[in-house]
Each structure stands twice: as C-alpha cells, then as structure tokens.
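A.B. asks: Just run-v8.pdb, nothing more (PDB, C-alpha atoms, pLDDT in the B column):
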```
ATOM      1  CA  ASN A  90       4.991  19.827 220.397  1.00 80.00           C
ATOM      2  CA  PHE A  91       3.544  17.825 223.278  1.00 91.00           C
ATOM      3  CA  MET A  92       0.597  15.446 223.572  1.00 94.00           C
ATOM      4  CA  LEU A  93      -2.232  15.242 226.081  1.00 97.00           C
ATOM      5  CA  THR A  94      -3.410  11.748 227.029  1.00 98.00           C
ATOM      6  CA  GLN A  95      -6.847  11.018 228.480  1.00 98.00           C
ATOM      7  CA  PRO A  96      -8.540   7.748 229.423  1.00 98.00           C
ATOM      8  CA  HIS A  97     -10.886   6.572 226.711  1.00 97.00           C
ATOM      9  CA  SER A  98     -13.869   6.233 229.013  1.00 97.00           C
ATOM     10  CA  VAL A  99     -15.058   6.393 232.615  1.00 97.00           C
ATOM     11  CA  SER A 100     -18.372   5.412 234.121  1.00 96.00           C
ATOM     12  CA  GLU A 101     -20.084   5.893 237.447  1.00 96.00           C
ATOM     13  CA  SER A 102     -23.509   5.917 239.049  1.00 96.00           C
ATOM     14  CA  PRO A 103     -25.635   9.021 239.578  1.00 96.00           C
ATOM     15  CA  GLY A 104     -24.633  10.996 242.641  1.00 97.00           C
ATOM     16  CA  LYS A 105     -21.077   9.680 242.635  1.00 97.00           C
ATOM     17  CA  THR A 106     -17.843  11.413 241.670  1.00 97.00           C
ATOM     18  CA  VAL A 107     -15.723  10.872 238.569  1.00 97.00           C
ATOM     19  CA  THR A 108     -12.278  12.220 237.844  1.00 98.00           C
ATOM     20  CA  ILE A 109     -10.777  12.439 234.353  1.00 98.00           C
ATOM     21  CA  SER A 110      -7.029  12.783 233.952  1.00 98.00           C
ATOM     22  CA  CYS A 111      -5.102  14.582 231.226  1.00 98.00           C
ATOM     23  CA  THR A 112      -1.385  13.804 231.178  1.00 98.00           C
ATOM     24  CA  ARG A 113       1.123  15.991 229.356  1.00 97.00           C
ATOM     25  CA  SER A 114       3.838  14.101 227.479  1.00 96.00           C
ATOM     26  CA  SER A 115       6.637  16.656 227.727  1.00 93.00           C
ATOM     27  CA  GLY A 116       7.140  19.984 229.412  1.00 93.00           C
ATOM     28  CA  SER A 117       5.451  20.995 232.638  1.00 94.00           C
ATOM     29  CA  ILE A 118       1.670  20.808 232.969  1.00 96.00           C
ATOM     30  CA  ALA A 119       1.912  23.911 235.117  1.00 95.00           C
ATOM     31  CA  SER A 120       3.558  26.023 232.443  1.00 93.00           C
ATOM     32  CA  ASN A 121       0.428  26.447 230.272  1.00 94.00           C
ATOM     33  CA  TYR A 122      -3.194  26.684 231.326  1.00 95.00           C
ATOM     34  CA  VAL A 123      -5.477  23.692 230.779  1.00 97.00           C
ATOM     35  CA  GLN A 124      -9.082  23.994 229.640  1.00 97.00           C
ATOM     36  CA  TRP A 125     -11.832  21.368 229.679  1.00 98.00           C
ATOM     37  CA  TYR A 126     -14.700  21.138 227.181  1.00 98.00           C
ATOM     38  CA  GLN A 127     -17.909  19.140 227.320  1.00 98.00           C
ATOM     39  CA  GLN A 128     -19.375  17.854 224.063  1.00 98.00           C
ATOM     40  CA  ARG A 129     -22.786  16.271 223.842  1.00 96.00           C
ATOM     41  CA  PRO A 130     -23.695  14.251 220.728  1.00 93.00           C
ATOM     42  CA  GLY A 131     -24.373  16.408 217.721  1.00 92.00           C
ATOM     43  CA  SER A 132     -23.285  19.626 219.419  1.00 96.00           C
ATOM     44  CA  ALA A 133     -20.241  21.837 219.485  1.00 97.00           C
ATOM     45  CA  PRO A 134     -18.032  21.706 222.588  1.00 97.00           C
ATOM     46  CA  THR A 135     -18.628  24.099 225.465  1.00 97.00           C
ATOM     47  CA  THR A 136     -16.195  25.178 228.163  1.00 97.00           C
ATOM     48  CA  VAL A 137     -16.639  23.731 231.642  1.00 98.00           C
ATOM     49  CA  ILE A 138     -13.224  24.707 233.060  1.00 98.00           C
ATOM     50  CA  PHE A 139     -10.703  27.295 231.865  1.00 97.00           C
ATOM     51  CA  GLU A 140      -7.273  28.336 233.127  1.00 96.00           C
ATOM     52  CA  ASP A 141      -6.823  25.105 235.108  1.00 97.00           C
ATOM     53  CA  ASN A 142      -9.609  25.602 237.647  1.00 97.00           C
ATOM     54  CA  GLU A 143     -11.910  28.475 236.687  1.00 97.00           C
ATOM     55  CA  ARG A 144     -15.594  27.865 235.919  1.00 97.00           C
ATOM     56  CA  PRO A 145     -17.470  29.945 233.345  1.00 95.00           C
ATOM     57  CA  SER A 146     -20.685  31.484 234.572  1.00 94.00           C
ATOM     58  CA  GLY A 147     -23.510  29.001 234.318  1.00 95.00           C
ATOM     59  CA  VAL A 148     -21.353  25.914 234.896  1.00 97.00           C
ATOM     60  CA  PRO A 149     -22.359  24.238 238.168  1.00 97.00           C
ATOM     61  CA  ASP A 150     -19.821  24.012 240.965  1.00 96.00           C
ATOM     62  CA  ARG A 151     -20.028  20.229 240.686  1.00 97.00           C
ATOM     63  CA  PHE A 152     -17.340  20.692 238.024  1.00 98.00           C
ATOM     64  CA  SER A 153     -13.818  21.429 239.232  1.00 98.00           C
ATOM     65  CA  GLY A 154     -10.350  21.397 237.740  1.00 98.00           C
ATOM     66  CA  SER A 155      -6.875  20.934 239.142  1.00 98.00           C
ATOM     67  CA  ILE A 156      -3.295  20.268 238.121  1.00 97.00           C
ATOM     68  CA  ASP A 157      -0.744  17.937 239.699  1.00 97.00           C
ATOM     69  CA  SER A 158       2.866  18.643 238.890  1.00 96.00           C
ATOM     70  CA  SER A 159       4.034  15.351 240.396  1.00 96.00           C
ATOM     71  CA  SER A 160       2.130  13.366 237.756  1.00 97.00           C
ATOM     72  CA  ASN A 161       2.346  16.135 235.171  1.00 97.00           C
ATOM     73  CA  SER A 162      -1.370  15.957 234.688  1.00 98.00           C
ATOM     74  CA  ALA A 163      -4.548  17.962 234.935  1.00 98.00           C
ATOM     75  CA  SER A 164      -7.824  16.589 236.218  1.00 98.00           C
ATOM     76  CA  LEU A 165     -11.513  17.323 235.789  1.00 98.00           C
ATOM     77  CA  THR A 166     -13.713  16.198 238.659  1.00 98.00           C
ATOM     78  CA  ILE A 167     -17.469  15.956 238.406  1.00 98.00           C
ATOM     79  CA  SER A 168     -19.182  15.422 241.729  1.00 97.00           C
ATOM     80  CA  GLY A 169     -22.845  14.588 242.356  1.00 97.00           C
ATOM     81  CA  LEU A 170     -22.966  13.016 238.910  1.00 97.00           C
ATOM     82  CA  LYS A 171     -26.170  13.590 236.932  1.00 97.00           C
ATOM     83  CA  THR A 172     -27.484  11.893 233.810  1.00 96.00           C
ATOM     84  CA  GLU A 173     -27.095  15.214 231.983  1.00 96.00           C
ATOM     85  CA  ASP A 174     -23.316  15.003 232.557  1.00 97.00           C
ATOM     86  CA  GLU A 175     -23.093  12.064 230.174  1.00 97.00           C
ATOM     87  CA  ALA A 176     -20.925  13.435 227.346  1.00 97.00           C
ATOM     88  CA  ASP A 177     -17.422  13.483 225.908  1.00 98.00           C
ATOM     89  CA  TYR A 178     -14.870  15.643 227.705  1.00 98.00           C
ATOM     90  CA  TYR A 179     -11.702  17.071 226.158  1.00 98.00           C
ATOM     91  CA  CYS A 180      -8.741  18.728 227.784  1.00 98.00           C
ATOM     92  CA  GLN A 181      -6.880  21.413 225.855  1.00 97.00           C
ATOM     93  CA  SER A 182      -3.653  23.306 226.361  1.00 96.00           C
ATOM     94  CA  TYR A 183      -1.289  25.209 224.076  1.00 92.00           C
ATOM     95  CA  ASP A 184       2.255  25.887 222.964  1.00 83.00           C
ATOM     96  CA  SER A 185       1.472  29.544 222.420  1.00 75.00           C
ATOM     97  CA  ILE A 186      -1.803  31.485 222.345  1.00 68.00           C
ATOM     98  CA  ASN A 187      -2.418  30.440 218.776  1.00 73.00           C
ATOM     99  CA  SER A 188      -1.012  26.891 218.816  1.00 83.00           C
ATOM    100  CA  LEU A 189      -3.522  24.634 220.532  1.00 91.00           C
ATOM    101  CA  VAL A 190      -3.349  20.997 221.662  1.00 94.00           C
ATOM    102  CA  PHE A 191      -6.315  18.736 222.473  1.00 97.00           C
ATOM    103  CA  GLY A 192      -6.442  15.529 224.433  1.00 98.00           C
ATOM    104  CA  GLY A 193      -8.051  12.530 222.784  1.00 98.00           C
ATOM    105  CA  GLY A 194     -11.281  12.838 224.752  1.00 98.00           C
ATOM    106  CA  THR A 195     -12.991  10.815 227.481  1.00 98.00           C
ATOM    107  CA  LYS A 196     -16.500   9.434 227.285  1.00 98.00           C
ATOM    108  CA  VAL A 197     -18.340   9.771 230.585  1.00 98.00           C
ATOM    109  CA  THR A 198     -21.162   7.296 231.066  1.00 97.00           C
ATOM    110  CA  VAL A 199     -23.655   7.697 233.888  1.00 96.00           C
ATOM    111  CA  LEU A 200     -24.798   4.183 234.790  1.00 91.00           C
TER     112      LEU A 200
ATOM    113  CA  GLN B 266     -24.214  37.832 221.474  1.00 91.00           C
ATOM    114  CA  VAL B 267     -21.243  36.448 219.545  1.00 94.00           C
ATOM    115  CA  GLN B 268     -22.136  33.958 216.831  1.00 97.00           C
ATOM    116  CA  LEU B 269     -19.993  32.030 214.368  1.00 97.00           C
ATOM    117  CA  GLN B 270     -21.317  30.243 211.303  1.00 98.00           C
ATOM    118  CA  GLU B 271     -19.354  27.919 209.032  1.00 98.00           C
ATOM    119  CA  SER B 272     -20.218  27.695 205.355  1.00 97.00           C
ATOM    120  CA  GLY B 273     -18.881  25.840 202.361  1.00 96.00           C
ATOM    121  CA  PRO B 274     -19.368  22.730 200.236  1.00 96.00           C
ATOM    122  CA  GLY B 275     -20.409  19.597 202.071  1.00 95.00           C
ATOM    123  CA  LEU B 276     -18.809  17.333 199.487  1.00 97.00           C
ATOM    124  CA  VAL B 277     -15.295  17.610 198.070  1.00 98.00           C
ATOM    125  CA  LYS B 278     -13.588  15.263 195.634  1.00 97.00           C
ATOM    126  CA  PRO B 279     -10.297  13.578 196.517  1.00 97.00           C
ATOM    127  CA  SER B 280      -7.192  15.597 195.556  1.00 97.00           C
ATOM    128  CA  GLU B 281      -9.219  18.837 195.406  1.00 97.00           C
ATOM    129  CA  THR B 282      -9.145  21.781 197.819  1.00 98.00           C
ATOM    130  CA  LEU B 283     -11.586  22.112 200.710  1.00 98.00           C
ATOM    131  CA  SER B 284     -12.666  25.731 201.280  1.00 98.00           C
ATOM    132  CA  LEU B 285     -14.647  26.920 204.283  1.00 98.00           C
ATOM    133  CA  THR B 286     -15.648  30.341 205.581  1.00 98.00           C
ATOM    134  CA  CYS B 287     -16.583  31.370 209.095  1.00 98.00           C
ATOM    135  CA  THR B 288     -18.838  34.415 209.376  1.00 98.00           C
ATOM    136  CA  VAL B 289     -18.658  36.198 212.727  1.00 97.00           C
ATOM    137  CA  SER B 290     -21.442  38.356 214.159  1.00 96.00           C
ATOM    138  CA  GLY B 291     -21.574  40.224 217.444  1.00 94.00           C
ATOM    139  CA  ASP B 292     -17.811  40.828 217.503  1.00 92.00           C
ATOM    140  CA  SER B 293     -15.130  42.244 215.253  1.00 92.00           C
ATOM    141  CA  ILE B 294     -12.747  39.865 213.516  1.00 92.00           C
ATOM    142  CA  SER B 295     -10.117  42.524 214.153  1.00 90.00           C
ATOM    143  CA  THR B 296      -9.884  41.460 217.780  1.00 90.00           C
ATOM    144  CA  TYR B 297      -8.675  38.277 219.445  1.00 91.00           C
ATOM    145  CA  TYR B 298      -7.678  35.000 217.783  1.00 93.00           C
ATOM    146  CA  TRP B 299      -9.687  32.711 215.547  1.00 95.00           C
ATOM    147  CA  SER B 300      -9.250  28.996 214.953  1.00 95.00           C
ATOM    148  CA  TRP B 301     -10.372  26.050 212.872  1.00 98.00           C
ATOM    149  CA  ILE B 302     -10.839  22.682 214.570  1.00 98.00           C
ATOM    150  CA  ARG B 303     -12.063  19.442 213.028  1.00 98.00           C
ATOM    151  CA  GLN B 304     -13.561  16.198 214.288  1.00 98.00           C
ATOM    152  CA  PRO B 305     -13.649  13.047 212.125  1.00 97.00           C
ATOM    153  CA  PRO B 306     -16.791  10.961 212.611  1.00 96.00           C
ATOM    154  CA  GLY B 307     -16.636   9.166 215.954  1.00 95.00           C
ATOM    155  CA  LYS B 308     -13.224  10.616 216.812  1.00 97.00           C
ATOM    156  CA  GLY B 309     -11.722  13.439 218.843  1.00 97.00           C
ATOM    157  CA  LEU B 310     -11.041  17.116 218.243  1.00 97.00           C
ATOM    158  CA  GLU B 311      -8.040  18.208 216.184  1.00 97.00           C
ATOM    159  CA  TRP B 312      -6.797  21.798 216.036  1.00 96.00           C
ATOM    160  CA  ILE B 313      -6.002  22.835 212.464  1.00 97.00           C
ATOM    161  CA  ALA B 314      -4.941  26.470 212.434  1.00 96.00           C
ATOM    162  CA  SER B 315      -5.256  29.864 214.121  1.00 94.00           C
ATOM    163  CA  ILE B 316      -5.084  33.444 212.930  1.00 93.00           C
ATOM    164  CA  SER B 317      -4.746  36.568 215.008  1.00 92.00           C
ATOM    165  CA  TYR B 318      -6.511  39.903 214.690  1.00 90.00           C
ATOM    166  CA  SER B 319      -3.367  41.203 212.971  1.00 89.00           C
ATOM    167  CA  GLY B 320      -3.235  38.327 210.501  1.00 90.00           C
ATOM    168  CA  SER B 321      -0.408  36.297 212.006  1.00 91.00           C
ATOM    169  CA  THR B 322      -1.006  32.592 211.615  1.00 92.00           C
ATOM    170  CA  ASN B 323      -0.079  29.324 213.248  1.00 91.00           C
ATOM    171  CA  LEU B 324      -0.698  25.949 211.659  1.00 93.00           C
ATOM    172  CA  SER B 325      -0.842  22.396 212.977  1.00 93.00           C
ATOM    173  CA  PRO B 326       2.508  20.731 212.196  1.00 91.00           C
ATOM    174  CA  SER B 327       0.731  17.682 210.780  1.00 92.00           C
ATOM    175  CA  LEU B 328      -1.308  19.741 208.321  1.00 95.00           C
ATOM    176  CA  LYS B 329       0.760  22.845 207.658  1.00 93.00           C
ATOM    177  CA  SER B 330       1.900  21.829 204.186  1.00 96.00           C
ATOM    178  CA  ARG B 331      -1.736  21.766 203.021  1.00 97.00           C
ATOM    179  CA  VAL B 332      -3.416  24.511 205.078  1.00 97.00           C
ATOM    180  CA  THR B 333      -4.065  28.189 204.466  1.00 97.00           C
ATOM    181  CA  ILE B 334      -5.980  30.404 206.900  1.00 97.00           C
ATOM    182  CA  SER B 335      -6.907  33.999 206.172  1.00 96.00           C
ATOM    183  CA  LEU B 336      -8.955  36.981 207.401  1.00 95.00           C
ATOM    184  CA  ASP B 337     -11.392  39.169 205.485  1.00 94.00           C
ATOM    185  CA  THR B 338     -12.021  42.133 207.765  1.00 92.00           C
ATOM    186  CA  SER B 339     -14.367  43.806 205.291  1.00 94.00           C
ATOM    187  CA  LYS B 340     -16.773  40.878 205.588  1.00 95.00           C
ATOM    188  CA  ASN B 341     -15.947  39.991 209.206  1.00 95.00           C
ATOM    189  CA  GLN B 342     -14.994  36.493 208.087  1.00 96.00           C
ATOM    190  CA  PHE B 343     -12.058  34.145 208.248  1.00 97.00           C
ATOM    191  CA  SER B 344     -11.424  31.225 205.960  1.00 98.00           C
ATOM    192  CA  LEU B 345      -9.734  27.835 205.709  1.00 98.00           C
ATOM    193  CA  LYS B 346      -8.310  26.113 202.670  1.00 98.00           C
ATOM    194  CA  LEU B 347      -7.064  22.526 202.852  1.00 98.00           C
ATOM    195  CA  SER B 348      -5.490  21.196 199.680  1.00 97.00           C
ATOM    196  CA  SER B 349      -5.044  17.690 198.284  1.00 97.00           C
ATOM    197  CA  VAL B 350      -7.794  16.222 200.435  1.00 98.00           C
ATOM    198  CA  THR B 351      -8.322  12.504 200.994  1.00 97.00           C
ATOM    199  CA  ALA B 352     -11.003  10.492 202.763  1.00 97.00           C
ATOM    200  CA  ALA B 353      -9.051  11.039 205.990  1.00 97.00           C
ATOM    201  CA  ASP B 354     -10.043  14.715 205.832  1.00 98.00           C
ATOM    202  CA  THR B 355     -13.739  13.839 206.153  1.00 98.00           C
ATOM    203  CA  ALA B 356     -14.842  15.541 209.360  1.00 98.00           C
ATOM    204  CA  VAL B 357     -17.056  18.093 211.034  1.00 98.00           C
ATOM    205  CA  TYR B 358     -15.173  21.381 210.771  1.00 98.00           C
ATOM    206  CA  TYR B 359     -15.669  23.988 213.506  1.00 98.00           C
ATOM    207  CA  CYS B 360     -14.593  27.595 213.681  1.00 98.00           C
ATOM    208  CA  ALA B 361     -14.050  29.173 217.085  1.00 97.00           C
ATOM    209  CA  ARG B 362     -12.970  32.356 218.840  1.00 95.00           C
ATOM    210  CA  HIS B 363     -10.313  32.518 221.520  1.00 89.00           C
ATOM    211  CA  PRO B 364      -9.605  35.825 223.225  1.00 88.00           C
ATOM    212  CA  THR B 365      -7.058  34.028 225.369  1.00 86.00           C
ATOM    213  CA  VAL B 366      -6.159  30.349 225.255  1.00 87.00           C
ATOM    214  CA  THR B 367      -9.768  29.284 225.843  1.00 91.00           C
ATOM    215  CA  LEU B 368     -12.091  28.664 222.909  1.00 94.00           C
ATOM    216  CA  ASP B 369     -15.120  30.538 224.168  1.00 94.00           C
ATOM    217  CA  TYR B 370     -17.438  30.694 221.151  1.00 96.00           C
ATOM    218  CA  TRP B 371     -17.810  27.947 218.552  1.00 97.00           C
ATOM    219  CA  GLY B 372     -19.766  27.606 215.356  1.00 97.00           C
ATOM    220  CA  GLN B 373     -22.257  24.759 215.086  1.00 97.00           C
ATOM    221  CA  GLY B 374     -19.898  22.843 212.795  1.00 97.00           C
ATOM    222  CA  THR B 375     -20.205  21.736 209.206  1.00 98.00           C
ATOM    223  CA  LEU B 376     -19.710  18.219 207.886  1.00 98.00           C
ATOM    224  CA  VAL B 377     -17.364  17.936 204.936  1.00 98.00           C
ATOM    225  CA  THR B 378     -17.205  14.594 203.175  1.00 98.00           C
ATOM    226  CA  VAL B 379     -14.375  13.742 200.806  1.00 98.00           C
ATOM    227  CA  SER B 380     -15.630  11.361 198.172  1.00 96.00           C
ATOM    228  CA  SER B 381     -15.715  10.981 194.421  1.00 95.00           C
TER     229      SER B 381
END
```
Would you put the structure from the file into structure tokens?
C.D. replies:
Amino acid sequence: NFMLTQPHSVSESPGKTVTISCTRSSGSIASNYVQWYQQRPGSAPTTVIFEDNERPSGVPDRFSGSIDSSSNSASLTISGLKTEDEADYYCQSYDSINSLVFGGGTKVTVL
Amino acid sequence: QVQLQESGPGLVKPSETLSLTCTVSGDSISTYYWSWIRQPPGKGLEWIASISYSGSTNLSPSLKSRVTISLDTSKNQFSLKLSSVTAADTAVYYCARHPTVTLDYWGQGTLVTVSS
C-alpha cells in the first residue's frame, strides 16, 4: 500500500489563493484518481473535487484540482478565499475500487 | 435522496467487540460499494473496510485481523464489527457510499468511546 502526505496546515487572507499538496509515497499519482473532501467541524466530509479535477455540482469554480507527475503529487487550489472555506481538507486515492487511502488532512485557516 | 444512518452503542468496554450498522435509504444496498471510515477525536480520516454489492470485501491491512464487514440486503443495511477494542479505537465512525472511487454520500457519523 502507499501513503498520501499533506501539509498539516495552510493559512491565507480572504481573497487570496491557497494550494494544498498531496504527495504519493510509491507508485504513480497519475495511475489512480485523486479526490478531495472538505470537512467542517462537527460535520461529515463532502466532496469538492473528484477524479483529479472534476467538481461536483454546487461546488464553486474557485475550487480546482490537478496532478503533477514530476512531483508525484496532487493539488487542491482554492482561489478567492472566503471565510466559509475555513475547514479541514483531505485527499483520497485507492489501490482498487474498494481499497481506499486518505491523506492526513490539511487545516485551512482564513486569516 | 440517498441517506445513510449509523447506529450502535456509543460506549464499548475494552477487549469487547464494537458493532455498528448503517441503514441506507433512497438507494439499494445491492448496487455500488459501501465503506466504513473512522476519525479519532482531533485526528484524520482512516478507511476501515469496504463491501461490494455482491458481498466481496476489502479490509484495511492495519485492522484486517479484527474487522468484519457484511451486507443485509433484506434490511438494506451493512454492518461493521471490530473485535478486541482498545482506547485507540475511540472515534467517530462514518459509513459511506461509493459508486466509483469517490465517497459521494456519508452518514452523519457516530461517536464510539472505548472505556470501562
């Protein structure tokens, strides 16, 4: 199995852009889709990005996802940061459809 | 509207077996894949186990010796059993649906505390 490593926390001012990385320990990041979940305190996670760069309906286009094979990592970018974006964010990938792997999570603070 | 609801004891004694059920409404348990995920207080998400519509299972390597996951199609439910629990198993336990590799519907979560 592989691991996904995220920074513990990032912070930025309203209106700015933050990028969260998710680095895969072994195997190619491009070989399995990466999803991103937002979790606010006391709530279950919700999907903000699926299949590397797809947004579910209802998720603003301020959220975008990408992968970078050179660094073997995926990234979640939030532009035009809002106070409501303050939350924990988790990346997730898989070995097979029913063998899932989560990153450790990143706390986003809007200053 | 798909909804998932976890149920089970909120307190389990050390060395005993934790048992949780996820009741699904708005979809048939005989489709897609279904997972259990947990989150210790103040920590990150950990995938525990998945079961397919046909009953095939996959378990986290770190927990597989203690985990059982099963389907009850007659009740549209799936269940988790975790044996020989310790305080380290204290967590919010979530059930979730994944038609592909994305967890698209989650239960609200249930806190299970392991304590004597």
A.B. asks: Using the chain letters and numbers from the file, which residues does the PyMOL selection byres ((chain B and resi 275) around 12) grab, as a VMD selection string?
C.D. replies: chain B and resid 271 to 274 276 to 278 283 to 285 355 to 358 374 to 380
A.B. asks: Please determine the contact residues of chain A with respect to chain B at a cut-off of 8 Å, counting all atoms listed in the file, and supply them as a count of residues only.
C.D. replies: 21
A.B. asks: I'd like to know which of A:Asn121, A:Thr112, A:Thr94, A:Gln127 is closest to A:Asp177, using only C-alpha atoms.
C.D. replies: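 The shortest atom-to-atom distance to A:Asp177 comes from A:Gln127.
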A.B. asks: I'd like to know which of B:Leu345, B:Ser381, B:Ser319, B:Ala353 is closest to B:Cys287, using all atoms listed in the file.
C.D. replies: B:Leu345
A.B. asks: Written as a PyMOL selection string, what is the full residue list that the PyMOL selection byres ((chain A and resi 166) around 12) yields on the file shown?
C.D. replies: chain A and resi 99+105-111+125+137-138+141-142+149-156+163-165+167-170+174+178+197
A.B. asks: Export C-alpha atoms of the chosen residues as a PDB file, keeping the file's coordinate frame?
C.D. replies:
```pdb
ATOM      1  CA  VAL A  99     -15.058   6.393 232.615  1.00 97.00           C
ATOM      2  CA  LYS A 105     -21.077   9.680 242.635  1.00 97.00           C
ATOM      3  CA  THR A 106     -17.843  11.413 241.670  1.00 97.00           C
ATOM      4  CA  VAL A 107     -15.723  10.872 238.569  1.00 97.00           C
ATOM      5  CA  THR A 108     -12.278  12.220 237.844  1.00 98.00           C
ATOM      6  CA  ILE A 109     -10.777  12.439 234.353  1.00 98.00           C
ATOM      7  CA  SER A 110      -7.029  12.783 233.952  1.00 98.00           C
ATOM      8  CA  CYS A 111      -5.102  14.582 231.226  1.00 98.00           C
ATOM      9  CA  TRP A 125     -11.832  21.368 229.679  1.00 98.00           C
ATOM     10  CA  VAL A 137     -16.639  23.731 231.642  1.00 98.00           C
ATOM     11  CA  ILE A 138     -13.224  24.707 233.060  1.00 98.00           C
ATOM     12  CA  ASP A 141      -6.823  25.105 235.108  1.00 97.00           C
ATOM     13  CA  ASN A 142      -9.609  25.602 237.647  1.00 97.00           C
ATOM     14  CA  PRO A 149     -22.359  24.238 238.168  1.00 97.00           C
ATOM     15  CA  ASP A 150     -19.821  24.012 240.965  1.00 96.00           C
ATOM     16  CA  ARG A 151     -20.028  20.229 240.686  1.00 97.00           C
ATOM     17  CA  PHE A 152     -17.340  20.692 238.024  1.00 98.00           C
ATOM     18  CA  SER A 153     -13.818  21.429 239.232  1.00 98.00           C
ATOM     19  CA  GLY A 154     -10.350  21.397 237.740  1.00 98.00           C
ATOM     20  CA  SER A 155      -6.875  20.934 239.142  1.00 98.00           C
ATOM     21  CA  ILE A 156      -3.295  20.268 238.121  1.00 97.00           C
ATOM     22  CA  ALA A 163      -4.548  17.962 234.935  1.00 98.00           C
ATOM     23  CA  SER A 164      -7.824  16.589 236.218  1.00 98.00           C
ATOM     24  CA  LEU A 165     -11.513  17.323 235.789  1.00 98.00           C
ATOM     25  CA  ILE A 167     -17.469  15.956 238.406  1.00 98.00           C
ATOM     26  CA  SER A 168     -19.182  15.422 241.729  1.00 97.00           C
ATOM     27  CA  GLY A 169     -22.845  14.588 242.356  1.00 97.00           C
ATOM     28  CA  LEU A 170     -22.966  13.016 238.910  1.00 97.00           C
ATOM     29  CA  ASP A 174     -23.316  15.003 232.557  1.00 97.00           C
ATOM     30  CA  TYR A 178     -14.870  15.643 227.705  1.00 98.00           C
ATOM     31  CA  VAL A 197     -18.340   9.771 230.585  1.00 98.00           C
TER      32      VAL A 197
END
```
A.B. asks: May I ask which of the residues A:Ser100, A:Pro130, A:Ser115, A:Val199 is the closest one to A:Lys171, counting all atoms listed in the file?
C.D. replies: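 For A:Lys171, the nearest of the given residues is A:Val199.
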A.B. asks: Please, what distance in Å, to one decimal, runs between atom CA of B:Thr338 and atom CA of B:Thr296?
C.D. replies: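 Taking atom CA of B:Thr338 as the start and atom CA of B:Thr296 as the end point, the length is 10.3 Å.
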A.B. asks: Hey, what's within 7 Å of A:Ser158 if we count all atoms listed in the file and toss same-chain stuff fewer than 2 positions away? As a list in words, please?
C.D. replies: Ile118, Ala119, Ile156, Ser160, Asn161 and Ser162 of chain A
A.B. asks: Counting only C-alpha atoms, figure out which residue out of A:Gln128, A:Thr195, A:Gly147, A:Gly116 gets nearest to A:His97.
C.D. replies: A:Thr195
A.B. asks: Measuring between all atoms listed in the file, which one of B:Gln304, B:Gly320, B:Lys340, B:Pro279 shows the shortest distance to B:Asp292?
C.D. replies: B:Lys340
A.B. asks: Can stretch 90-102 of chain A be brought up to N, CA, C and O atoms and written out as a CSV table (one decimal), in the coordinates of the input?
C.D. replies:
```csv
chain,number,residue,atom,x,y,z
A,90,ASN,N,6.3,19.8,219.8
A,90,ASN,CA,5.0,19.8,220.4
A,90,ASN,C,4.8,18.7,221.4
A,90,ASN,O,5.5,17.7,221.4
A,91,PHE,N,3.8,18.9,222.3
A,91,PHE,CA,3.5,17.8,223.3
A,91,PHE,C,2.2,17.2,223.0
A,91,PHE,O,1.4,17.7,222.2
A,92,MET,N,1.9,16.1,223.7
A,92,MET,CA,0.6,15.4,223.6
A,92,MET,C,-0.1,15.4,224.9
A,92,MET,O,0.6,15.5,226.0
A,93,LEU,N,-1.4,15.4,224.9
A,93,LEU,CA,-2.2,15.2,226.1
A,93,LEU,C,-3.0,13.9,226.0
A,93,LEU,O,-3.7,13.7,225.0
A,94,THR,N,-2.8,13.1,227.0
A,94,THR,CA,-3.4,11.7,227.0
A,94,THR,C,-4.5,11.6,228.1
A,94,THR,O,-4.3,12.0,229.3
A,95,GLN,N,-5.7,11.2,227.6
A,95,GLN,CA,-6.8,11.0,228.5
A,95,GLN,C,-7.3,9.5,228.4
A,95,GLN,O,-7.1,8.9,227.4
A,96,PRO,N,-7.9,9.1,229.5
A,96,PRO,CA,-8.5,7.7,229.4
A,96,PRO,C,-9.7,7.8,228.4
A,96,PRO,O,-10.3,8.8,228.2
A,97,HIS,N,-9.9,6.6,227.8
A,97,HIS,CA,-10.9,6.6,226.7
A,97,HIS,C,-12.3,6.7,227.3
A,97,HIS,O,-13.1,7.4,226.7
A,98,SER,N,-12.5,6.1,228.4
A,98,SER,CA,-13.9,6.2,229.0
A,98,SER,C,-13.8,6.1,230.5
A,98,SER,O,-12.9,5.4,231.1
A,99,VAL,N,-14.8,6.6,231.2
A,99,VAL,CA,-15.1,6.4,232.6
A,99,VAL,C,-16.6,6.3,232.8
A,99,VAL,O,-17.3,6.8,232.0
A,100,SER,N,-16.9,5.5,233.8
A,100,SER,CA,-18.4,5.4,234.1
A,100,SER,C,-18.6,5.4,235.6
A,100,SER,O,-17.7,4.9,236.4
A,101,GLU,N,-19.7,5.9,236.0
A,101,GLU,CA,-20.1,5.9,237.4
A,101,GLU,C,-21.6,6.1,237.6
A,101,GLU,O,-22.3,6.5,236.6
A,102,SER,N,-22.1,5.8,238.8
A,102,SER,CA,-23.5,5.9,239.0
A,102,SER,C,-23.9,7.4,239.4
A,102,SER,O,-23.0,8.1,239.8
```
